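J.: Have a peek at query_23.cif (mmCIF, C-alpha atoms (C1' of nucleotides)).
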```cif
data_protein
loop_
_atom_site.label_atom_id
_atom_site.label_comp_id
_atom_site.auth_asym_id
_atom_site.auth_seq_id
_atom_site.Cartn_x
_atom_site.Cartn_y
_atom_site.Cartn_z
CA MET A 198 19.70 4.17 -5.85
CA ASN A 199 19.24 7.58 -4.32
CA ASP A 200 21.58 7.40 -1.37
CA ARG A 201 21.56 11.10 -0.75
CA VAL A 202 19.12 10.47 2.07
CA SER A 203 19.84 7.92 4.74
CA THR A 204 17.88 4.72 5.17
CA LYS A 205 16.52 6.04 8.43
CA THR A 206 15.15 9.18 6.79
CA ARG A 207 13.69 7.23 3.88
CA ILE A 208 11.81 5.04 6.34
CA LEU A 209 10.51 8.08 8.20
CA ASP A 210 9.37 9.76 4.98
CA VAL A 211 7.52 6.77 3.60
CA ALA A 212 6.06 5.83 6.98
CA GLU A 213 4.74 9.36 7.39
CA ARG A 214 2.97 9.24 4.08
CA LEU A 215 1.50 5.77 4.50
CA PHE A 216 0.39 6.35 8.09
CA GLY A 217 -1.40 9.46 6.86
CA GLU A 218 -3.02 7.65 3.96
CA LYS A 219 -3.95 4.33 5.50
CA GLY A 220 -3.72 4.78 9.24
CA PHE A 221 -1.35 3.22 11.72
CA ASP A 222 -2.99 -0.18 11.95
CA GLY A 223 -3.61 -0.18 8.21
CA THR A 224 0.07 0.22 7.37
CA SER A 225 2.45 -2.70 7.82
CA LEU A 226 6.19 -2.45 8.19
CA ARG A 227 6.43 -4.35 4.94
CA ASP A 228 4.35 -1.71 3.15
CA ILE A 229 6.83 0.85 4.38
CA THR A 230 10.06 -0.97 3.58
CA ALA A 231 8.82 -2.03 0.15
CA GLU A 232 8.04 1.54 -0.90
CA ALA A 233 11.15 2.94 0.73
CA GLY A 234 13.28 0.39 -1.05
CA VAL A 235 14.95 -0.71 2.15
CA ASN A 236 15.17 -3.99 3.96
CA LEU A 237 12.53 -5.03 6.45
CA ALA A 238 15.08 -5.56 9.18
CA ALA A 239 16.25 -1.96 8.82
CA VAL A 240 13.12 -0.75 10.57
CA ASN A 241 13.83 -2.79 13.65
CA TYR A 242 17.48 -1.82 13.55
CA HIS A 243 16.76 1.92 13.46
CA PHE A 244 13.51 2.06 15.42
CA GLN A 245 13.28 -1.21 17.38
CA THR A 246 9.48 -1.54 17.27
CA LYS A 247 6.58 -0.30 15.16
CA ASP A 248 5.21 1.76 18.04
CA SER A 249 8.54 3.44 18.43
CA LEU A 250 8.57 4.21 14.71
CA ILE A 251 5.12 5.78 14.99
CA ASP A 252 6.41 7.86 17.85
CA ALA A 253 9.41 9.03 15.82
CA VAL A 254 7.28 9.87 12.79
CA ILE A 255 4.89 11.99 14.83
CA GLU A 256 7.54 13.64 16.94
CA ARG A 257 9.55 14.78 13.94
CA ARG A 258 6.64 16.89 12.67
CA ILE A 259 4.79 17.98 15.79
CA ALA A 260 7.77 19.48 17.56
CA PRO A 261 8.56 22.19 14.96
CA VAL A 262 4.86 22.93 14.44
CA ASN A 263 4.42 23.56 18.14
CA ARG A 264 7.55 25.69 18.26
CA ARG A 265 6.15 27.82 15.44
CA ARG A 266 2.80 28.05 17.24
CA LEU A 267 4.41 29.42 20.36
CA GLU A 268 6.40 31.92 18.29
CA MET A 269 3.22 33.21 16.68
CA LEU A 270 1.48 33.35 20.04
CA GLU A 271 4.35 35.32 21.48
CA ALA A 272 4.42 37.65 18.48
CA ALA A 273 0.75 38.42 19.11
CA GLY A 274 1.67 39.98 22.45
CA PRO A 275 -0.11 39.85 25.81
CA ASN A 276 -3.43 41.14 24.47
CA PRO A 277 -4.07 39.17 21.30
CA ALA A 278 -7.25 39.25 19.26
CA ILE A 279 -8.93 35.86 19.11
CA GLU A 280 -8.14 35.81 15.38
CA GLN A 281 -4.44 35.87 16.22
CA VAL A 282 -4.81 32.97 18.61
CA VAL A 283 -6.69 30.93 16.03
CA GLU A 284 -4.07 31.74 13.42
CA ALA A 285 -1.26 30.73 15.73
CA PHE A 286 -2.94 27.36 16.10
CA LEU A 287 -3.75 26.74 12.44
CA VAL A 288 -1.15 28.40 10.27
CA PRO A 289 1.89 26.32 11.30
CA VAL A 290 0.08 23.24 10.03
CA LEU A 291 -1.82 24.65 7.09
CA GLU A 292 1.12 26.52 5.63
CA CYS A 293 2.76 23.17 4.88
CA SER A 294 0.58 23.06 1.81
CA LEU A 295 -0.09 19.53 0.65
CA SER A 296 2.88 17.84 2.26
CA PRO A 297 2.28 14.34 3.66
CA MET A 298 2.60 15.91 7.08
CA VAL A 299 -0.87 17.31 6.73
CA ALA A 300 -2.53 13.91 6.33
CA LEU A 301 -0.40 12.57 9.17
CA MET A 302 -1.50 15.34 11.50
CA GLY A 303 -5.11 14.72 10.59
CA ARG A 304 -4.65 11.03 11.26
CA VAL A 305 -3.07 11.63 14.64
CA LEU A 306 -5.89 13.91 15.73
CA ALA A 307 -8.45 11.44 14.43
CA THR A 308 -6.99 8.36 16.13
CA PRO A 309 -8.10 8.39 19.75
CA ASP A 310 -6.36 5.11 20.53
CA GLN A 311 -4.24 4.41 23.53
CA PHE A 312 -0.80 4.61 22.01
CA VAL A 313 -1.33 7.43 19.55
CA TYR A 314 -3.07 9.39 22.26
CA ARG A 315 -0.11 8.99 24.59
CA VAL A 316 2.30 10.32 21.98
CA PHE A 317 -0.04 13.12 21.08
CA LYS A 318 -0.66 14.10 24.69
CA LYS A 319 3.06 14.36 25.34
CA HIS A 320 3.25 17.13 22.73
CA LEU A 321 -0.12 18.65 23.44
CA ALA A 322 0.63 19.25 27.09
CA ALA A 323 3.42 21.63 26.15
CA ILE A 324 1.09 24.05 24.36
CA ALA A 325 -2.45 23.43 25.58
CA GLN A 326 -2.04 25.65 28.63
CA ARG A 327 -0.47 28.41 26.55
CA PHE A 328 -3.41 28.41 24.16
CA ALA A 329 -5.94 28.29 26.98
CA ASP A 330 -4.23 31.32 28.50
CA ALA A 331 -4.18 33.11 25.14
CA VAL A 332 -7.90 32.53 24.63
CA GLY A 333 -8.45 33.81 28.15
CA ALA A 334 -6.49 36.94 27.32
CA ALA A 335 -8.44 37.49 24.12
CA LEU A 336 -11.86 36.71 25.60
CA PRO A 337 -11.67 37.18 29.38
CA GLU A 338 -15.43 36.78 29.83
CA LEU A 339 -15.28 33.16 28.66
CA ALA A 340 -15.46 30.61 31.49
CA PRO A 341 -12.40 28.33 31.83
CA ALA A 342 -14.31 25.17 30.92
CA GLU A 343 -15.84 26.88 27.92
CA ARG A 344 -12.39 27.94 26.74
CA LEU A 345 -11.25 24.33 26.73
CA TRP A 346 -14.39 23.12 25.01
CA ARG A 347 -13.95 25.63 22.24
CA LEU A 348 -10.26 24.80 21.84
CA HIS A 349 -11.39 21.19 21.52
CA PHE A 350 -13.93 22.21 18.86
CA MET A 351 -11.19 24.05 17.00
CA GLY A 352 -8.94 20.99 17.09
CA GLY A 353 -11.76 18.92 15.66
CA THR A 354 -12.43 21.28 12.83
CA MET A 355 -8.77 21.34 11.88
CA ALA A 356 -8.38 17.57 12.18
CA HIS A 357 -11.33 16.96 9.91
CA VAL A 358 -10.14 19.44 7.30
CA LEU A 359 -6.71 17.79 7.26
CA SER A 360 -8.05 14.25 7.17
CA TRP A 361 -10.60 14.73 4.42
CA SER A 362 -8.65 17.12 2.22
CA HIS A 363 -7.94 14.53 -0.42
CA VAL A 364 -11.58 13.56 -0.94
CA LEU A 365 -13.29 16.90 -0.28
CA PRO A 366 -13.16 18.10 -3.90
CA GLU A 367 -14.87 14.91 -5.04
CA MET A 368 -17.35 15.10 -2.14
CA THR A 369 -18.41 18.62 -3.04
CA GLY A 370 -18.43 18.39 -6.80
CA GLY A 371 -15.34 20.56 -6.96
CA LEU A 372 -16.91 23.42 -5.00
CA CYS A 373 -14.46 23.11 -2.12
CA ASP A 374 -10.76 23.28 -2.94
CA PRO A 375 -8.50 22.63 0.06
CA SER A 376 -5.31 23.25 -1.91
CA ASP A 377 -5.86 27.01 -1.78
CA ARG A 378 -4.32 27.39 1.65
CA LYS A 379 -4.71 31.14 1.89
CA ALA A 380 -8.44 30.99 1.30
CA LEU A 381 -8.82 27.96 3.55
CA THR A 382 -7.02 29.68 6.40
CA ALA A 383 -9.22 32.75 5.99
CA ARG A 384 -12.36 30.60 6.05
CA LEU A 385 -11.26 28.74 9.16
CA VAL A 386 -10.17 31.86 11.02
CA SER A 387 -13.46 33.57 10.28
CA PHE A 388 -15.58 30.56 11.28
CA LEU A 389 -13.65 29.66 14.40
CA SER A 390 -13.14 33.18 15.71
CA ALA A 391 -16.88 33.76 15.48
CA GLY A 392 -17.41 30.50 17.34
CA PHE A 393 -15.05 31.58 20.13
CA ARG A 394 -16.90 34.89 20.38
CA ALA A 395 -20.30 33.19 20.60
CA PRO A 396 -22.33 33.93 23.71
CA PHE A 397 -22.75 31.08 26.13
CA THR A 398 -24.60 30.75 29.36
CA GLU A 399 -24.54 27.51 31.24
CA ALA A 400 -27.85 25.64 31.05
CA HIS A 401 -29.58 25.52 34.42
CA MET B 16 -26.05 -18.31 27.63
CA ASN B 17 -28.21 -15.33 26.85
CA ASP B 18 -30.04 -16.46 23.75
CA ARG B 19 -32.62 -13.72 23.92
CA VAL B 20 -30.64 -11.93 21.24
CA SER B 21 -29.64 -13.67 18.07
CA THR B 22 -26.07 -14.49 17.15
CA LYS B 23 -26.29 -11.98 14.34
CA THR B 24 -27.31 -9.17 16.68
CA ARG B 25 -24.67 -10.09 19.23
CA ILE B 26 -22.01 -9.84 16.54
CA LEU B 27 -23.32 -6.46 15.42
CA ASP B 28 -23.39 -5.14 18.99
CA VAL B 29 -19.88 -6.22 19.88
CA ALA B 30 -18.48 -5.21 16.50
CA GLU B 31 -19.99 -1.77 16.88
CA ARG B 32 -18.34 -1.27 20.24
CA LEU B 33 -14.94 -2.61 19.26
CA PHE B 34 -14.85 -0.74 15.95
CA GLY B 35 -15.57 2.43 17.88
CA GLU B 36 -12.93 1.71 20.50
CA LYS B 37 -10.10 0.32 18.40
CA GLY B 38 -10.89 1.23 14.83
CA PHE B 39 -11.74 -1.02 11.91
CA ASP B 40 -8.22 -2.21 11.12
CA GLY B 41 -7.48 -2.53 14.81
CA THR B 42 -10.34 -4.94 15.45
CA SER B 43 -10.09 -8.53 14.24
CA LEU B 44 -13.00 -10.86 13.67
CA ARG B 45 -11.56 -12.98 16.47
CA ASP B 46 -11.75 -10.04 18.87
CA ILE B 47 -15.42 -9.74 18.01
CA THR B 48 -16.41 -13.39 18.16
CA ALA B 49 -14.49 -13.94 21.39
CA GLU B 50 -16.28 -11.12 23.19
CA ALA B 51 -19.62 -11.97 21.65
CA GLY B 52 -19.25 -15.59 22.71
CA VAL B 53 -20.00 -16.87 19.24
CA ASN B 54 -18.05 -18.95 16.80
CA LEU B 55 -15.64 -17.37 14.37
CA ALA B 56 -17.36 -18.92 11.38
CA ALA B 57 -20.64 -17.31 12.38
CA VAL B 58 -19.37 -13.97 11.17
CA ASN B 59 -18.75 -15.27 7.70
CA TYR B 60 -22.05 -17.11 7.69
CA HIS B 61 -24.07 -14.01 8.60
CA PHE B 62 -21.98 -11.30 6.95
CA GLN B 63 -19.75 -13.06 4.40
CA THR B 64 -16.75 -10.71 4.74
CA LYS B 65 -15.32 -8.28 7.25
CA ASP B 66 -15.98 -5.33 4.96
CA SER B 67 -19.57 -6.35 4.64
CA LEU B 68 -19.82 -6.57 8.44
CA ILE B 69 -18.43 -3.05 8.73
CA ASP B 70 -21.03 -1.92 6.24
CA ALA B 71 -23.82 -3.55 8.23
CA VAL B 72 -22.62 -2.10 11.53
CA ILE B 73 -22.51 1.42 10.12
CA GLU B 74 -25.74 1.16 8.18
CA ARG B 75 -27.72 -0.02 11.19
CA ARG B 76 -26.97 3.22 13.06
CA ILE B 77 -26.64 5.85 10.37
CA ALA B 78 -29.96 5.16 8.70
CA PRO B 79 -32.19 6.01 11.71
CA VAL B 80 -30.00 8.98 12.65
CA ASN B 81 -30.42 10.44 9.19
CA ARG B 82 -34.16 9.79 9.26
CA ARG B 83 -34.39 11.68 12.52
CA ARG B 84 -32.28 14.49 11.09
CA LEU B 85 -34.63 14.95 8.17
CA GLU B 86 -37.62 14.92 10.53
CA MET B 87 -36.11 17.70 12.60
CA LEU B 88 -35.21 19.64 9.48
CA GLU B 89 -38.76 19.32 8.24
CA ALA B 90 -40.18 20.31 11.62
CA ALA B 91 -38.12 23.50 11.46
CA GLY B 92 -40.13 24.61 8.41
CA PRO B 93 -39.03 26.40 5.25
CA ASN B 94 -37.42 29.33 7.06
CA PRO B 95 -35.34 27.78 9.84
CA ALA B 96 -32.95 29.62 12.09
CA ILE B 97 -29.38 28.39 11.71
CA GLU B 98 -29.63 27.09 15.28
CA GLN B 99 -32.40 24.73 14.19
CA VAL B 100 -30.32 23.44 11.30
CA VAL B 101 -27.35 22.81 13.58
CA GLU B 102 -29.58 21.06 16.08
CA ALA B 103 -31.10 18.87 13.39
CA PHE B 104 -27.58 17.75 12.52
CA LEU B 105 -26.28 17.17 16.03
CA VAL B 106 -29.13 16.10 18.27
CA PRO B 107 -29.96 12.76 16.61
CA VAL B 108 -26.43 11.61 17.38
CA LEU B 109 -25.81 13.33 20.70
CA GLU B 110 -29.09 12.31 22.26
CA CYS B 111 -27.90 8.71 22.20
CA SER B 112 -25.98 9.54 25.35
CA LEU B 113 -22.99 7.31 25.84
CA SER B 114 -24.08 4.39 23.71
CA PRO B 115 -21.34 2.66 21.71
CA MET B 116 -22.94 4.19 18.65
CA VAL B 117 -21.37 7.51 19.55
CA ALA B 118 -17.81 6.20 19.38
CA LEU B 119 -18.64 4.35 16.18
CA MET B 120 -19.95 7.51 14.53
CA GLY B 121 -16.85 9.38 15.57
CA ARG B 122 -14.70 6.62 14.14
CA VAL B 123 -16.53 6.60 10.85
CA LEU B 124 -16.17 10.36 10.46
CA ALA B 125 -12.51 10.13 11.42
CA THR B 126 -11.60 7.31 9.03
CA PRO B 127 -11.12 8.80 5.58
CA ASP B 128 -10.15 5.47 4.06
CA GLN B 129 -11.44 4.11 0.84
CA PHE B 130 -13.93 1.58 2.09
CA VAL B 131 -15.30 3.43 5.10
CA TYR B 132 -15.60 6.52 2.98
CA ARG B 133 -17.64 4.67 0.39
CA VAL B 134 -20.09 3.44 3.01
CA PHE B 135 -20.25 6.85 4.62
CA LYS B 136 -20.77 8.66 1.33
CA LYS B 137 -23.67 6.42 0.47
CA HIS B 138 -25.51 7.70 3.54
CA LEU B 139 -24.17 11.22 3.42
CA ALA B 140 -25.42 11.81 -0.11
CA ALA B 141 -28.99 11.34 1.07
CA ILE B 142 -28.86 14.28 3.46
CA ALA B 143 -25.99 16.55 2.43
CA GLN B 144 -28.06 18.41 -0.14
CA ARG B 145 -30.92 18.85 2.31
CA PHE B 146 -28.62 20.39 4.88
CA ALA B 147 -26.94 22.59 2.30
CA ASP B 148 -30.38 23.84 1.28
CA ALA B 149 -31.38 24.38 4.90
CA VAL B 150 -28.27 26.45 5.58
CA GLY B 151 -29.04 28.41 2.44
CA ALA B 152 -32.54 29.08 3.71
CA ALA B 153 -31.26 30.18 7.11
CA LEU B 154 -28.38 32.28 5.76
CA PRO B 155 -29.14 33.21 2.16
CA GLU B 156 -26.20 35.61 1.93
CA LEU B 157 -23.72 32.76 2.35
CA ALA B 158 -22.05 31.67 -0.90
CA PRO B 159 -22.70 28.03 -1.92
CA ALA B 160 -19.08 26.97 -1.50
CA GLU B 161 -18.93 28.62 1.90
CA ARG B 162 -22.04 26.75 2.98
CA LEU B 163 -20.37 23.45 2.18
CA TRP B 164 -17.13 24.43 3.88
CA ARG B 165 -18.97 25.34 7.06
CA LEU B 166 -21.02 22.15 6.99
CA HIS B 167 -17.69 20.36 6.68
CA PHE B 168 -16.35 22.29 9.67
CA MET B 169 -19.44 21.32 11.66
CA GLY B 170 -18.96 17.65 10.77
CA GLY B 171 -15.38 17.86 11.99
CA THR B 172 -16.31 19.42 15.27
CA MET B 173 -18.90 16.76 15.93
CA ALA B 174 -16.60 13.92 14.85
CA HIS B 175 -13.88 15.09 17.19
CA VAL B 176 -16.23 15.48 20.13
CA LEU B 177 -17.56 11.97 19.57
CA SER B 178 -14.15 10.40 19.07
CA TRP B 179 -12.42 11.94 22.05
CA SER B 180 -15.30 11.83 24.51
CA HIS B 181 -13.80 9.03 26.52
CA VAL B 182 -10.49 10.76 27.14
CA LEU B 183 -11.61 14.38 27.28
CA PRO B 184 -12.24 14.43 31.05
CA GLU B 185 -8.73 13.15 31.66
CA MET B 186 -7.31 15.56 29.07
CA THR B 187 -8.90 18.58 30.73
CA GLY B 188 -8.43 17.68 34.37
CA GLY B 189 -12.14 17.04 34.69
CA LEU B 190 -13.13 20.51 33.47
CA CYS B 191 -14.92 19.16 30.39
CA ASP B 192 -17.62 16.56 30.94
CA PRO B 193 -19.03 15.14 27.69
CA SER B 194 -21.60 12.99 29.49
CA ASP B 195 -23.81 16.01 30.14
CA ARG B 196 -25.44 15.88 26.73
CA LYS B 197 -27.79 18.81 27.28
CA ALA B 198 -24.96 21.18 28.12
CA LEU B 199 -22.76 19.77 25.35
CA THR B 200 -25.48 20.28 22.77
CA ALA B 201 -25.99 23.85 23.95
CA ARG B 202 -22.26 24.53 23.72
CA LEU B 203 -22.01 23.10 20.22
CA VAL B 204 -25.08 24.88 18.92
CA SER B 205 -23.84 28.19 20.25
CA PHE B 206 -20.32 27.75 18.86
CA LEU B 207 -21.34 26.40 15.47
CA SER B 208 -24.23 28.77 14.84
CA ALA B 209 -21.93 31.70 15.48
CA GLY B 210 -19.45 30.16 13.05
CA PHE B 211 -22.12 29.84 10.36
CA ARG B 212 -23.09 33.46 10.90
CA ALA B 213 -19.49 34.66 10.63
CA PRO B 214 -18.77 37.19 7.89
CA PHE B 215 -16.71 35.98 5.00
CA THR B 216 -15.39 37.68 1.94
CA GLU B 217 -13.32 35.73 -0.55
CA ALA B 218 -9.65 36.67 -0.50
CA HIS B 219 -8.61 38.36 -3.72
"C1'" DG C 33 -27.36 -22.35 12.01
"C1'" DT C 34 -23.56 -23.70 14.46
"C1'" DC C 35 -19.53 -26.13 15.05
"C1'" DT C 36 -14.30 -28.00 14.20
"C1'" DA C 37 -10.54 -27.89 11.50
"C1'" DT C 38 -7.65 -25.89 8.51
"C1'" DA C 39 -6.04 -23.58 4.45
"C1'" DG C 40 -3.27 -19.89 2.88
"C1'" DG C 41 -1.51 -15.62 3.71
"C1'" DT C 42 0.20 -11.69 6.57
"C1'" DT C 43 2.04 -9.76 10.64
"C1'" DG C 44 5.99 -7.87 13.96
"C1'" DA C 45 10.24 -9.19 15.43
"C1'" DT C 46 14.84 -11.57 15.68
"C1'" DA C 47 19.10 -14.44 14.81
"C1'" DG C 48 23.13 -14.53 12.49
"C1'" DA C 49 26.08 -14.08 8.16
"C1'" DC C 50 28.50 -10.41 5.78
"C1'" DG D 184 24.52 -1.04 8.75
"C1'" DT D 185 22.55 -4.10 5.74
"C1'" DC D 186 21.21 -8.44 4.26
"C1'" DT D 187 18.69 -13.42 4.18
"C1'" DA D 188 16.12 -16.52 6.48
"C1'" DT D 189 12.98 -17.68 9.68
"C1'" DC D 190 9.90 -17.86 13.78
"C1'" DA D 191 5.67 -17.77 16.15
"C1'" DA D 192 1.60 -15.56 16.14
"C1'" DC D 193 -2.00 -13.75 13.95
"C1'" DC D 194 -5.24 -12.85 10.20
"C1'" DT D 195 -9.60 -13.67 6.92
"C1'" DA D 196 -12.04 -17.01 4.83
"C1'" DT D 197 -13.84 -21.63 3.70
"C1'" DA D 198 -14.87 -26.68 3.60
"C1'" DG D 199 -17.50 -29.99 5.56
"C1'" DA D 200 -19.51 -32.62 9.68
"C1'" DC D 201 -23.53 -32.28 12.60
#
```
Is it possible to express this structure as structure tokens?
T.:
Amino acid sequence: MNDRVSTKTRILDVAERLFGEKGFDGTSLRDITAEAGVNLAAVNYHFQTKDSLIDAVIERRIAPVNRRRLEMLEAAGPNPAIEQVVEAFLVPVLECSLSPMVALMGRVLATPDQFVYRVFKKHLAAIAQRFADAVGAALPELAPAERLWRLHFMGGTMAHVLSWSHVLPEMTGGLCDPSDRKALTARLVSFLSAGFRAPFTEAH
Amino acid sequence: MNDRVSTKTRILDVAERLFGEKGFDGTSLRDITAEAGVNLAAVNYHFQTKDSLIDAVIERRIAPVNRRRLEMLEAAGPNPAIEQVVEAFLVPVLECSLSPMVALMGRVLATPDQFVYRVFKKHLAAIAQRFADAVGAALPELAPAERLWRLHFMGGTMAHVLSWSHVLPEMTGGLCDPSDRKALTARLVSFLSAGFRAPFTEAH
DNA sequence: GTCTATAGGTTGATAGAC
DNA sequence: GTCTATCAACCTATAGAC
């Protein structure tokens, strides 16, 4: 067997992929251990519970992505263009090409359930304010609530793109190809930046 | 007991709500029958299998929404503004206020799994081409692939808004209130229409 | 149509040998 | 750290009485 990676890492890798493909409820610990070629009891030994495994799987990927996001935000300086803010949000995820992480991230964003939400919120809190501030710096005329709404819209667009990547070519008769990350990033930045710049006056 | 609604309808109603709240894998038939106050075997009698129940739950809501979408598209005439196309897509779902249907729709759009996708595609196929044509009529300079990408982006934005509605107020410290449907629709139409109008030139 | 009862399989988690 | 064996609970689905 390939013992160059530890049992713990093998579990994390397989769990990441299966959670992304079939969801958290749709993946059993047995699915994971079977594919990882490890014993069922190893999961409980290394991670105690399934919830705690989910937490570990998510944490391993979100933390570096958010670090990279803050780096890009900082590199954009105190007066960023909205395009730079959007890029700082998207690129750290999209640049991971077709790694299983992408499907996992999509799944996390598309699973508004109690537990997943709690894990997600823990990591979101660390960057949400920074992005809200950055949007405010780029578009100072945008009302605070509207900033948050549009950040939420951006998150949704990204989540959907990540989640449906693997079926989009078939859905569109091959017209849309999510594997071309450069083009996809350009499309998203153009669409979302225009959305952020859209006029909005509160209905009265 | 309240026998003004049939067992079959009670199952559909409760299933719709629980599927929306906890997902398809996360909801057992026992969860449904317990809350509906009906016998477990009634599900199999009326719907045969769980998958077939999921199908019925989704179909019941998607069909009228899509009918309404096509009506609005038709009412917009052969030369619609992009705002009218976006509204035709969003309003038939959003106008249902906080009904359980909203969470269900979000869940369907956020569950890219084999079975749910198959059900969803069946209903999507009937309107996707019409919306692609409508976007083409509103923005003829947009390349066909770009049209589909931006429709996909719009679907993601809507899915996310629907899915996270129930936690968004808590996530934003009360700044974002999804229950004000009029304002939410206006926000989405403004954001998305601007996105559709965004310039885009293929990277080379 | 609705019920009870149950089959037959899967789940997450643990105890205890090595 | 890794294994086998097992528990208790849960799952979907069905058979058969009423």
J.: Using all atoms listed in the file, I'd like a table of the residues in chain D that come within 12 Å of chain B; for each, show the closest atom pair and its distance in Å rounded to one decimal, ordered by chain and ascending number, as CSV.
T.:
```
residue,atom,partner,partner_atom,distance
D:DC193,C1',B:Ser43,CA,9.6
D:DC194,C1',B:Ser43,CA,7.6
D:DT195,C1',B:Lys65,CA,7.9
D:DA196,C1',B:Asn59,CA,7.5
D:DT197,C1',B:Ala56,CA,8.9
D:DA198,C1',B:Ala56,CA,11.3
```
J.: Please write as a PDB file with C-alpha atoms (C1' of nucleotides), keeping the file's coordinate frame the list of polymer residues whose atoms come within 12 Å of (-12.5, -30.9, 17.0), counting all atoms listed in the file and keeping to the coordinates of the file.
T.:
```pdb
ATOM      1  C1'  DC C  35     -19.530 -26.130  15.050  1.00  0.00           C
ATOM      2  C1'  DT C  36     -14.300 -28.000  14.200  1.00  0.00           C
ATOM      3  C1'  DA C  37     -10.540 -27.890  11.500  1.00  0.00           C
ATOM      4  C1'  DT C  38      -7.650 -25.890   8.510  1.00  0.00           C
TER       5       DT C  38
ATOM      6  C1'  DA D 200     -19.510 -32.620   9.680  1.00  0.00           C
ATOM      7  C1'  DC D 201     -23.530 -32.280  12.600  1.00  0.00           C
TER       8       DC D 201
END
```
J.: Which value, in Å to one decimal, gives the distance between CA of Pro297 (chain A) and CA of His243 (chain A)?
T.: 21.4 Å
J.: Check which residues satisfy the PyMOL selection byres ((chain A) within 6 of (chain B)) in the file shown, then give them as an MDAnalysis selection string.
T.: chainID A and resid 222:223 307 342 350 353:354 357 372 388:389 391:392 395
J.: What is the CA of Glu292 (chain A)-CA of Ile251 (chain A) distance in Å, reported with one decimal?
T.: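 CA of Ile251 (chain A) lies 23.1 Å from CA of Glu292 (chain A).
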J.: For chain C, list the residues within 10 Å of chain A, counting only C-alpha atoms (C1' of nucleotides), and write the list as a list in words.
T.: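 Interface list for chain C against chain A: DT42, DT43, DG44, DA45 and DT46 of chain C.
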J.: Using Å and a single decimal, report how far CA of Arg145 (chain B) sits from CA of Met87 (chain B).
T.: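 Separation of CA of Met87 (chain B) and CA of Arg145 (chain B): 11.6 Å.
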J.: Applied to this file, what does the PyMOL selection byres ((chain D and resi 187) around 12) return in terms of residues, put as a compact mmCIF listing (two decimals) with C-alpha atoms (C1' of nucleotides), in the frame of the given file?
T.:
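Resulting contents of result03.txt:
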```
# COMPACT_ATOMS: atom_id res chain seq x y z
CA ASN A 236 15.17 -3.99 3.96
CA LEU A 237 12.53 -5.03 6.45
CA ALA A 238 15.08 -5.56 9.18
C1' DA C 47 19.10 -14.44 14.81
C1' DG C 48 23.13 -14.53 12.49
C1' DA C 49 26.08 -14.08 8.16
C1' DC C 50 28.50 -10.41 5.78
C1' DT D 185 22.55 -4.10 5.74
C1' DC D 186 21.21 -8.44 4.26
C1' DA D 188 16.12 -16.52 6.48
C1' DT D 189 12.98 -17.68 9.68
```
J.: Taking (-27.6, 7.3, 13.9) in the file's coordinates, which residues come within 12 Å, counting all atoms listed in the file, written as a PDB file with C-alpha atoms, in the frame of the given file?
T.:
```pdb
ATOM      1  CA  VAL B  72     -22.620  -2.100  11.530  1.00  0.00           C
ATOM      2  CA  ILE B  73     -22.510   1.420  10.120  1.00  0.00           C
ATOM      3  CA  GLU B  74     -25.740   1.160   8.180  1.00  0.00           C
ATOM      4  CA  ARG B  75     -27.720  -0.020  11.190  1.00  0.00           C
ATOM      5  CA  ARG B  76     -26.970   3.220  13.060  1.00  0.00           C
ATOM      6  CA  ILE B  77     -26.640   5.850  10.370  1.00  0.00           C
ATOM      7  CA  ALA B  78     -29.960   5.160   8.700  1.00  0.00           C
ATOM      8  CA  PRO B  79     -32.190   6.010  11.710  1.00  0.00           C
ATOM      9  CA  VAL B  80     -30.000   8.980  12.650  1.00  0.00           C
ATOM     10  CA  ASN B  81     -30.420  10.440   9.190  1.00  0.00           C
ATOM     11  CA  ARG B  82     -34.160   9.790   9.260  1.00  0.00           C
ATOM     12  CA  ARG B  83     -34.390  11.680  12.520  1.00  0.00           C
ATOM     13  CA  ARG B  84     -32.280  14.490  11.090  1.00  0.00           C
ATOM     14  CA  LEU B  85     -34.630  14.950   8.170  1.00  0.00           C
ATOM     15  CA  PHE B 104     -27.580  17.750  12.520  1.00  0.00           C
ATOM     16  CA  LEU B 105     -26.280  17.170  16.030  1.00  0.00           C
ATOM     17  CA  VAL B 106     -29.130  16.100  18.270  1.00  0.00           C
ATOM     18  CA  PRO B 107     -29.960  12.760  16.610  1.00  0.00           C
ATOM     19  CA  VAL B 108     -26.430  11.610  17.380  1.00  0.00           C
ATOM     20  CA  LEU B 109     -25.810  13.330  20.700  1.00  0.00           C
ATOM     21  CA  GLU B 110     -29.090  12.310  22.260  1.00  0.00           C
ATOM     22  CA  CYS B 111     -27.900   8.710  22.200  1.00  0.00           C
ATOM     23  CA  SER B 112     -25.980   9.540  25.350  1.00  0.00           C
ATOM     24  CA  SER B 114     -24.080   4.390  23.710  1.00  0.00           C
ATOM     25  CA  PRO B 115     -21.340   2.660  21.710  1.00  0.00           C
ATOM     26  CA  MET B 116     -22.940   4.190  18.650  1.00  0.00           C
ATOM     27  CA  VAL B 117     -21.370   7.510  19.550  1.00  0.00           C
ATOM     28  CA  ALA B 118     -17.810   6.200  19.380  1.00  0.00           C
ATOM     29  CA  LEU B 119     -18.640   4.350  16.180  1.00  0.00           C
ATOM     30  CA  MET B 120     -19.950   7.510  14.530  1.00  0.00           C
ATOM     31  CA  GLY B 121     -16.850   9.380  15.570  1.00  0.00           C
ATOM     32  CA  VAL B 123     -16.530   6.600  10.850  1.00  0.00           C
ATOM     33  CA  PHE B 135     -20.250   6.850   4.620  1.00  0.00           C
ATOM     34  CA  HIS B 138     -25.510   7.700   3.540  1.00  0.00           C
ATOM     35  CA  LEU B 139     -24.170  11.220   3.420  1.00  0.00           C
TER      36      LEU B 139
END
```
